[in-house]
$ cat input32.txt   # compact mmCIF, C-alpha atoms
# COMPACT_ATOMS: atom_id res chain seq x y z
CA MET A 1 1.76 11.54 249.75
CA ILE A 2 4.60 12.71 247.51
CA ARG A 3 4.21 16.28 248.76
CA LYS A 4 4.76 15.11 252.33
CA SER A 5 7.66 12.80 251.45
CA TRP A 6 9.54 14.97 248.95
CA TRP A 7 12.39 15.61 251.38
CA LYS A 8 12.78 11.87 252.03
CA ILE A 9 13.03 11.24 248.31
CA LEU A 10 15.50 14.11 248.04
CA SER A 11 17.60 12.57 250.83
CA PHE A 12 17.74 9.23 248.99
CA LEU A 13 18.68 10.88 245.69
CA LEU A 14 21.39 13.06 247.26
CA LEU A 15 22.97 10.12 249.09
CA PHE A 16 22.80 7.94 245.98
CA TYR A 17 24.52 10.76 244.10
CA THR A 18 27.15 11.12 246.84
CA CYS A 19 27.87 7.40 247.06
CA THR A 20 28.28 7.06 243.30
CA TYR A 21 29.65 10.29 241.87
CA GLY A 22 31.78 10.73 245.00
CA PHE A 23 33.91 7.80 243.85
CA TYR A 24 34.12 8.97 240.23
CA VAL A 25 34.61 12.72 240.49
CA LYS A 26 38.10 13.96 239.72
CA VAL A 27 39.76 15.08 242.95
CA PRO A 28 42.78 17.40 243.29
CA LYS A 29 46.19 15.82 243.94
CA LEU A 30 47.15 17.82 247.02
CA ASP A 31 49.65 15.40 248.48
CA ASP A 32 51.42 12.23 247.32
CA ARG A 33 50.11 10.41 250.38
CA MET A 34 46.52 11.59 250.10
CA LYS A 35 45.76 9.95 246.76
CA GLU A 36 42.22 8.51 246.66
CA SER A 37 41.74 8.69 250.44
CA ILE A 38 40.72 12.32 249.89
CA ARG A 39 37.27 10.97 248.97
CA ASN A 40 36.69 10.23 252.64
CA PHE A 41 36.04 13.97 252.93
CA PHE A 42 32.62 13.36 251.33
CA PHE A 43 31.63 11.09 254.21
CA HIS A 44 33.67 11.96 257.30
CA VAL A 45 33.08 15.72 257.44
CA PRO A 46 29.34 15.60 256.58
CA MET A 47 28.89 13.24 259.55
CA TRP A 48 30.15 15.94 261.91
CA PHE A 49 28.10 18.64 260.19
CA THR A 50 24.97 16.53 260.56
CA MET A 51 25.80 15.65 264.16
CA MET A 52 26.04 19.32 265.10
CA ILE A 53 22.75 20.14 263.36
CA LEU A 54 20.89 17.27 265.04
CA LEU A 55 22.31 18.04 268.48
CA LEU A 56 21.38 21.70 268.01
CA VAL A 57 17.79 20.68 267.28
CA SER A 58 17.91 18.42 270.35
CA VAL A 59 19.03 21.19 272.68
CA ILE A 60 16.37 23.54 271.27
CA TYR A 61 13.69 21.01 272.21
CA ALA A 62 15.35 20.55 275.60
CA ILE A 63 14.98 24.27 276.23
CA ARG A 64 11.40 24.12 274.99
CA TYR A 65 10.73 21.26 277.41
CA LEU A 66 11.97 23.32 280.35
CA ARG A 67 9.57 26.08 279.32
CA ASN A 68 6.73 23.72 278.41
CA PRO A 69 7.25 20.23 279.91
CA SER A 70 5.30 18.17 277.37
CA PRO A 71 6.16 14.55 276.41
CA LYS A 72 6.37 15.63 272.77
CA ASN A 73 9.19 18.11 273.42
CA ASP A 74 11.06 15.50 275.47
CA ALA A 75 10.63 12.86 272.77
CA TYR A 76 11.96 15.22 270.10
CA SER A 77 14.95 16.16 272.24
CA VAL A 78 15.90 12.55 273.02
CA ALA A 79 15.42 11.30 269.46
CA PHE A 80 17.56 13.99 267.84
CA ALA A 81 20.25 13.52 270.50
CA ALA A 82 20.33 9.76 269.87
CA THR A 83 20.62 10.16 266.10
CA GLY A 84 23.25 12.87 266.56
CA VAL A 85 25.37 10.54 268.69
CA VAL A 86 25.12 7.83 266.02
CA TYR A 87 26.40 10.30 263.44
CA GLY A 88 29.20 11.30 265.80
CA ALA A 89 30.21 7.65 266.13
CA LEU A 90 30.18 7.30 262.34
CA GLY A 91 32.35 10.42 262.16
CA LEU A 92 34.86 8.81 264.49
CA ILE A 93 34.84 5.55 262.52
CA THR A 94 35.30 7.18 259.11
CA GLY A 95 38.04 9.38 260.58
CA ALA A 96 39.80 6.34 262.07
CA ILE A 97 39.71 4.53 258.72
CA TRP A 98 41.32 7.54 257.03
CA ALA A 99 43.86 7.97 259.86
CA ASN A 100 44.93 4.33 259.52
CA TYR A 101 46.08 5.06 255.96
CA GLN A 102 47.54 8.51 256.56
CA TRP A 103 48.91 8.37 260.11
CA GLY A 104 49.69 4.65 260.30
CA SER A 105 47.15 3.94 263.05
CA PRO A 106 43.37 4.30 263.38
CA TRP A 107 43.81 5.94 266.77
CA SER A 108 46.92 7.99 267.49
CA GLY A 109 45.70 9.98 270.48
CA ASP A 110 45.44 13.14 268.39
CA PRO A 111 43.78 16.00 270.35
CA LYS A 112 40.87 16.17 267.91
CA GLN A 113 40.30 12.43 268.13
CA ASN A 114 40.40 12.56 271.91
CA GLY A 115 38.14 15.62 272.02
CA ALA A 116 35.57 13.95 269.77
CA ALA A 117 35.61 10.81 271.91
CA ILE A 118 35.13 12.85 275.09
CA ALA A 119 32.22 14.74 273.53
CA LEU A 120 30.47 11.49 272.63
CA LEU A 121 31.09 10.04 276.09
CA ILE A 122 29.46 13.12 277.61
CA TYR A 123 26.39 12.53 275.46
CA LEU A 124 26.37 8.80 276.25
CA ALA A 125 26.25 9.78 279.93
CA TYR A 126 23.07 11.72 279.06
CA PHE A 127 21.31 8.49 278.10
CA VAL A 128 22.71 6.66 281.13
CA LEU A 129 21.40 9.46 283.35
CA ARG A 130 17.94 9.27 281.83
CA GLY A 131 17.90 5.50 282.11
CA SER A 132 18.70 5.67 285.81
CA MET A 133 15.45 7.52 286.61
CA ASN A 134 11.93 6.15 286.57
CA GLU A 135 9.88 9.29 287.16
CA GLU A 136 9.10 10.75 283.72
CA ASP A 137 8.88 14.38 284.83
CA LYS A 138 12.17 14.19 286.73
CA LYS A 139 13.81 12.34 283.84
CA GLY A 140 12.69 15.01 281.41
CA ARG A 141 13.76 18.01 283.49
CA ILE A 142 17.16 16.69 284.58
CA GLY A 143 17.78 15.24 281.12
CA ALA A 144 16.99 18.60 279.49
CA VAL A 145 19.40 20.46 281.76
CA TYR A 146 22.15 17.90 281.12
CA ASN A 147 21.44 18.07 277.37
CA ILE A 148 22.13 21.80 277.42
CA PHE A 149 25.36 21.21 279.33
CA ALA A 150 26.45 18.46 276.91
CA PHE A 151 25.79 20.63 273.87
CA PHE A 152 27.89 23.52 275.14
CA MET A 153 30.68 21.08 276.03
CA LEU A 154 30.98 20.34 272.30
CA PHE A 155 32.68 23.68 271.72
CA PRO A 156 35.70 23.22 274.02
CA THR A 157 36.10 19.50 273.21
CA LEU A 158 35.75 19.78 269.42
CA TRP A 159 36.75 23.33 268.49
CA ILE A 160 38.70 25.14 271.21
CA LEU A 161 41.03 22.79 273.15
CA PRO A 162 42.23 20.75 270.12
CA ARG A 163 43.33 24.00 268.44
CA LEU A 164 45.47 25.00 271.42
CA THR A 165 47.83 22.03 271.03
CA GLU A 166 49.83 20.35 268.28
CA SER A 167 47.59 18.24 266.06
CA LEU A 168 48.00 16.00 263.04
CA HIS A 169 44.45 16.74 262.06
CA PRO A 170 43.96 19.31 259.27
CA GLY A 171 43.04 22.68 260.70
CA GLY A 172 44.84 22.23 264.01
CA GLU A 173 47.98 23.89 265.28
CA GLY A 174 51.04 22.24 263.82
CA SER A 175 49.00 20.55 261.12
CA ASP A 176 50.76 22.27 258.22
CA GLY A 177 52.32 19.75 255.90
CA ASN A 178 50.21 16.84 257.10
CA PRO A 179 48.18 14.96 254.50
CA GLY A 180 44.73 16.40 254.92
CA ILE A 181 42.18 18.68 253.37
CA ASN A 182 40.11 21.60 254.54
CA GLY A 183 37.46 23.77 252.94
CA LYS A 184 39.99 25.98 251.19
CA ASP A 185 41.46 22.97 249.37
CA MET A 186 38.19 21.97 247.72
CA ASP A 187 37.73 22.73 244.06
CA SER A 188 34.40 23.20 242.29
CA GLN A 189 34.09 19.49 241.50
CA MET A 190 34.56 18.49 245.12
CA ARG A 191 32.06 21.10 246.27
CA ALA A 192 29.55 19.62 243.83
CA VAL A 193 29.68 16.43 245.91
CA PHE A 194 30.39 17.77 249.39
CA TYR A 195 27.43 20.14 249.81
CA PRO A 196 24.84 17.65 248.50
CA ALA A 197 26.40 15.09 250.86
CA VAL A 198 25.90 17.38 253.87
CA LEU A 199 22.28 18.02 252.91
CA GLY A 200 21.60 14.36 252.14
CA TRP A 201 23.05 13.04 255.41
CA THR A 202 21.23 15.76 257.36
CA LEU A 203 17.87 14.90 255.80
CA LEU A 204 18.50 11.22 256.54
CA GLY A 205 19.28 12.10 260.16
CA VAL A 206 16.02 14.04 260.44
CA TRP A 207 14.15 11.14 258.82
CA ILE A 208 15.57 8.63 261.32
CA SER A 209 14.80 10.97 264.22
CA THR A 210 11.18 11.46 263.16
CA LEU A 211 10.72 7.68 262.98
CA LYS A 212 12.10 7.33 266.51
CA ILE A 213 9.79 10.11 267.71
CA ARG A 214 6.72 8.49 266.19
CA CYS A 215 7.60 5.14 267.80
CA GLN A 216 8.17 6.77 271.19
CA LEU A 217 4.91 8.73 271.09
CA LEU A 218 2.99 5.61 270.08
CA ILE A 219 4.52 3.69 272.99
CA GLU A 220 3.60 6.45 275.43
CA LYS A 221 0.07 6.64 274.03
CA LYS A 222 -0.34 2.89 274.40
CA MET A 223 0.96 2.96 277.99
CA SER A 224 -1.35 5.81 278.98
CA SER A 225 -4.46 4.21 277.45
$ encode --input "input32.txt" --output "structure tokens"
Amino acid sequence: MIRKSWWKILSFLLLFYTCTYGFYVKVPKLDDRMKESIRNFFFHVPMWFTMMILLLVSVIYAIRYLRNPSPKNDAYSVAFAATGVVYGALGLITGAIWANYQWGSPWSGDPKQNGAAIALLIYLAYFVLRGSMNEEDKKGRIGAVYNIFAFFMLFPTLWILPRLTESLHPGGEGSDGNPGINGKDMDSQMRAVFYPAVLGWTLLGVWISTLKIRCQLLIEKKMSS
């Protein structure tokens, strides 16, 4: 039992470590306005890392479904996409909390904020599209194709277009001098929290997705019997 659940235990331990030591570790004083809000980096950024990983797994299973249209591949694709969207929403929320302190408003229409919102709306349309169809085979095939489209739309909405315009967000054009942090600003103590946080949140995302998959497969088995 422990051999099968070791990664779940590891996820719990890593997140417990992040949520405790993350508030005690000494952080660099990069800006007078940053102060303790820099600790949001341990939660906000890992959410986006995890979202990208989960959505990547989802699109892989979508491609597998197009090659081998089995209910299992479809269930995996949908479950990882759903959990990825939840993490994306948490990324937006944690970013808005930080922005309220640093920019004076939780939502300032920054290009990266808008791009992230558009990316999530595209994925929400994926679930609306699936929900509008009753035929399972059609739902799976059209959903898989749209999933691939939605994944590749992440790159212009999150990484390309926001960097072509002025942005308050760290890492964007015109962001120099704004209170923020990027990977180059982390010291060894911050890295000791950040990387375990990414791994812990990712394992939790996989855990949640596998639970959703098991529930979905049980429902389908019950309906077919």
$ closest_atom_pairs --input "input32.txt" --of "range 72-155 of chain A" --to "range 194-211 of chain A" --cutoff "10 Å" --atoms "all atoms listed in the file" --output "JSON lines"
{"residue": "A:Ala75", "atom": "CA", "partner": "A:Ser209", "partner_atom": "CA", "distance": 9.7}
{"residue": "A:Tyr76", "atom": "CA", "partner": "A:Ser209", "partner_atom": "CA", "distance": 7.8}
{"residue": "A:Ser77", "atom": "CA", "partner": "A:Ser209", "partner_atom": "CA", "distance": 9.6}
{"residue": "A:Val78", "atom": "CA", "partner": "A:Ser209", "partner_atom": "CA", "distance": 9.0}
{"residue": "A:Ala79", "atom": "CA", "partner": "A:Ser209", "partner_atom": "CA", "distance": 5.3}
{"residue": "A:Phe80", "atom": "CA", "partner": "A:Ser209", "partner_atom": "CA", "distance": 5.5}
{"residue": "A:Ala81", "atom": "CA", "partner": "A:Ser209", "partner_atom": "CA", "distance": 8.7}
{"residue": "A:Ala82", "atom": "CA", "partner": "A:Ser209", "partner_atom": "CA", "distance": 8.0}
{"residue": "A:Thr83", "atom": "CA", "partner": "A:Ser209", "partner_atom": "CA", "distance": 6.2}
{"residue": "A:Gly84", "atom": "CA", "partner": "A:Gly205", "partner_atom": "CA", "distance": 7.6}
{"residue": "A:Val86", "atom": "CA", "partner": "A:Gly205", "partner_atom": "CA", "distance": 9.3}
{"residue": "A:Tyr87", "atom": "CA", "partner": "A:Gly205", "partner_atom": "CA", "distance": 8.0}
$ closest_residue --input "input32.txt" --among "A:Tyr123, A:Gly143, A:Arg130, A:Ala116" --to "Ile160 in chain A" --atoms "all atoms listed in the file"
A:Ala116
$ closest_residue --input "input32.txt" --among "A:Met47, A:Ala125, A:Val25, A:Ala119" --to "Leu90 in chain A" --atoms "only C-alpha atoms"
A:Met47
$ residues_near_point --input "input32.txt" --point "(28.2, 10.1, 242.9)" --cutoff "12 Å" --atoms "only C-alpha atoms" --output "count of residues only"
24
$ closest_residue --input "input32.txt" --among "A:Lys222, A:Val85, A:Asn40, A:Phe149" --to "Leu54 in chain A" --atoms "all atoms listed in the file"
A:Val85
$ decode --input "input32.txt" --residues "range 142-173 of chain A" --atoms "N, CA and C atoms" --output "CSV table (one decimal), in the first residue's frame"
chain,number,residue,atom,x,y,z
A,142,ILE,N,-14.3,15.4,-31.3
A,142,ILE,CA,-14.3,16.9,-31.4
A,142,ILE,C,-13.6,17.5,-30.2
A,143,GLY,N,-13.9,17.0,-29.0
A,143,GLY,CA,-13.2,17.5,-27.8
A,143,GLY,C,-11.7,17.4,-27.9
A,144,ALA,N,-11.2,16.2,-28.4
A,144,ALA,CA,-9.8,16.0,-28.5
A,144,ALA,C,-9.1,17.0,-29.5
A,145,VAL,N,-9.8,17.3,-30.6
A,145,VAL,CA,-9.2,18.3,-31.6
A,145,VAL,C,-9.2,19.7,-30.9
A,146,TYR,N,-10.3,20.0,-30.3
A,146,TYR,CA,-10.4,21.3,-29.6
A,146,TYR,C,-9.3,21.4,-28.5
A,147,ASN,N,-9.1,20.4,-27.8
A,147,ASN,CA,-8.1,20.3,-26.7
A,147,ASN,C,-6.7,20.7,-27.3
A,148,ILE,N,-6.4,20.1,-28.4
A,148,ILE,CA,-5.1,20.4,-29.0
A,148,ILE,C,-5.0,21.9,-29.4
A,149,PHE,N,-6.1,22.4,-30.0
A,149,PHE,CA,-6.2,23.8,-30.3
A,149,PHE,C,-6.0,24.7,-29.1
A,150,ALA,N,-6.7,24.4,-28.0
A,150,ALA,CA,-6.6,25.2,-26.8
A,150,ALA,C,-5.2,25.2,-26.2
A,151,PHE,N,-4.6,24.0,-26.2
A,151,PHE,CA,-3.2,23.9,-25.7
A,151,PHE,C,-2.3,24.8,-26.4
A,152,PHE,N,-2.3,24.8,-27.7
A,152,PHE,CA,-1.4,25.6,-28.5
A,152,PHE,C,-1.7,27.1,-28.4
A,153,MET,N,-3.0,27.4,-28.1
A,153,MET,CA,-3.3,28.8,-27.8
A,153,MET,C,-2.7,29.4,-26.6
A,154,LEU,N,-2.2,28.5,-25.7
A,154,LEU,CA,-1.6,29.0,-24.5
A,154,LEU,C,-0.3,29.8,-24.8
A,155,PHE,N,0.4,29.4,-25.8
A,155,PHE,CA,1.7,30.0,-26.1
A,155,PHE,C,1.5,31.5,-26.5
A,156,PRO,N,0.6,31.8,-27.4
A,156,PRO,CA,0.4,33.3,-27.8
A,156,PRO,C,-0.2,34.0,-26.6
A,157,THR,N,-1.2,33.5,-25.9
A,157,THR,CA,-1.9,34.2,-24.9
A,157,THR,C,-1.1,34.4,-23.6
A,158,LEU,N,-0.2,33.4,-23.3
A,158,LEU,CA,0.6,33.5,-22.0
A,158,LEU,C,2.0,34.0,-22.2
A,159,TRP,N,2.6,33.6,-23.3
A,159,TRP,CA,4.1,33.9,-23.5
A,159,TRP,C,4.4,34.8,-24.6
A,160,ILE,N,3.7,34.9,-25.7
A,160,ILE,CA,4.2,35.7,-26.8
A,160,ILE,C,3.6,37.1,-26.8
A,161,LEU,N,2.2,37.2,-26.9
A,161,LEU,CA,1.6,38.5,-27.0
A,161,LEU,C,1.8,39.4,-25.8
A,162,PRO,N,1.8,38.9,-24.6
A,162,PRO,CA,2.0,39.8,-23.4
A,162,PRO,C,3.4,40.4,-23.4
A,163,ARG,N,4.4,39.7,-24.1
A,163,ARG,CA,5.8,40.2,-24.1
A,163,ARG,C,6.0,41.2,-25.3
A,164,LEU,N,5.0,41.4,-26.1
A,164,LEU,CA,5.1,42.4,-27.2
A,164,LEU,C,4.6,43.8,-26.8
A,165,THR,N,4.0,43.9,-25.6
A,165,THR,CA,3.5,45.2,-25.2
A,165,THR,C,4.0,45.5,-23.8
A,166,GLU,N,3.8,46.7,-23.4
A,166,GLU,CA,4.2,47.2,-22.0
A,166,GLU,C,3.4,46.4,-21.0
A,167,SER,N,4.1,46.0,-19.9
A,167,SER,CA,3.5,45.2,-18.9
A,167,SER,C,4.0,45.5,-17.5
A,168,LEU,N,3.2,45.6,-16.6
A,168,LEU,CA,3.6,45.7,-15.2
A,168,LEU,C,4.2,44.4,-14.6
A,169,HIS,N,3.8,43.4,-15.2
A,169,HIS,CA,4.2,42.0,-14.7
A,169,HIS,C,5.6,41.8,-14.9
A,170,PRO,N,6.3,41.2,-13.9
A,170,PRO,CA,7.8,40.9,-14.0
A,170,PRO,C,8.0,40.0,-15.2
A,171,GLY,N,9.0,40.4,-16.0
A,171,GLY,CA,9.4,39.6,-17.2
A,171,GLY,C,8.8,40.1,-18.4
A,172,GLY,N,7.9,41.1,-18.4
A,172,GLY,CA,7.3,41.7,-19.6
A,172,GLY,C,8.1,42.9,-20.0
A,173,GLU,N,7.8,43.4,-21.2
A,173,GLU,CA,8.4,44.6,-21.7
A,173,GLU,C,7.9,45.8,-20.9
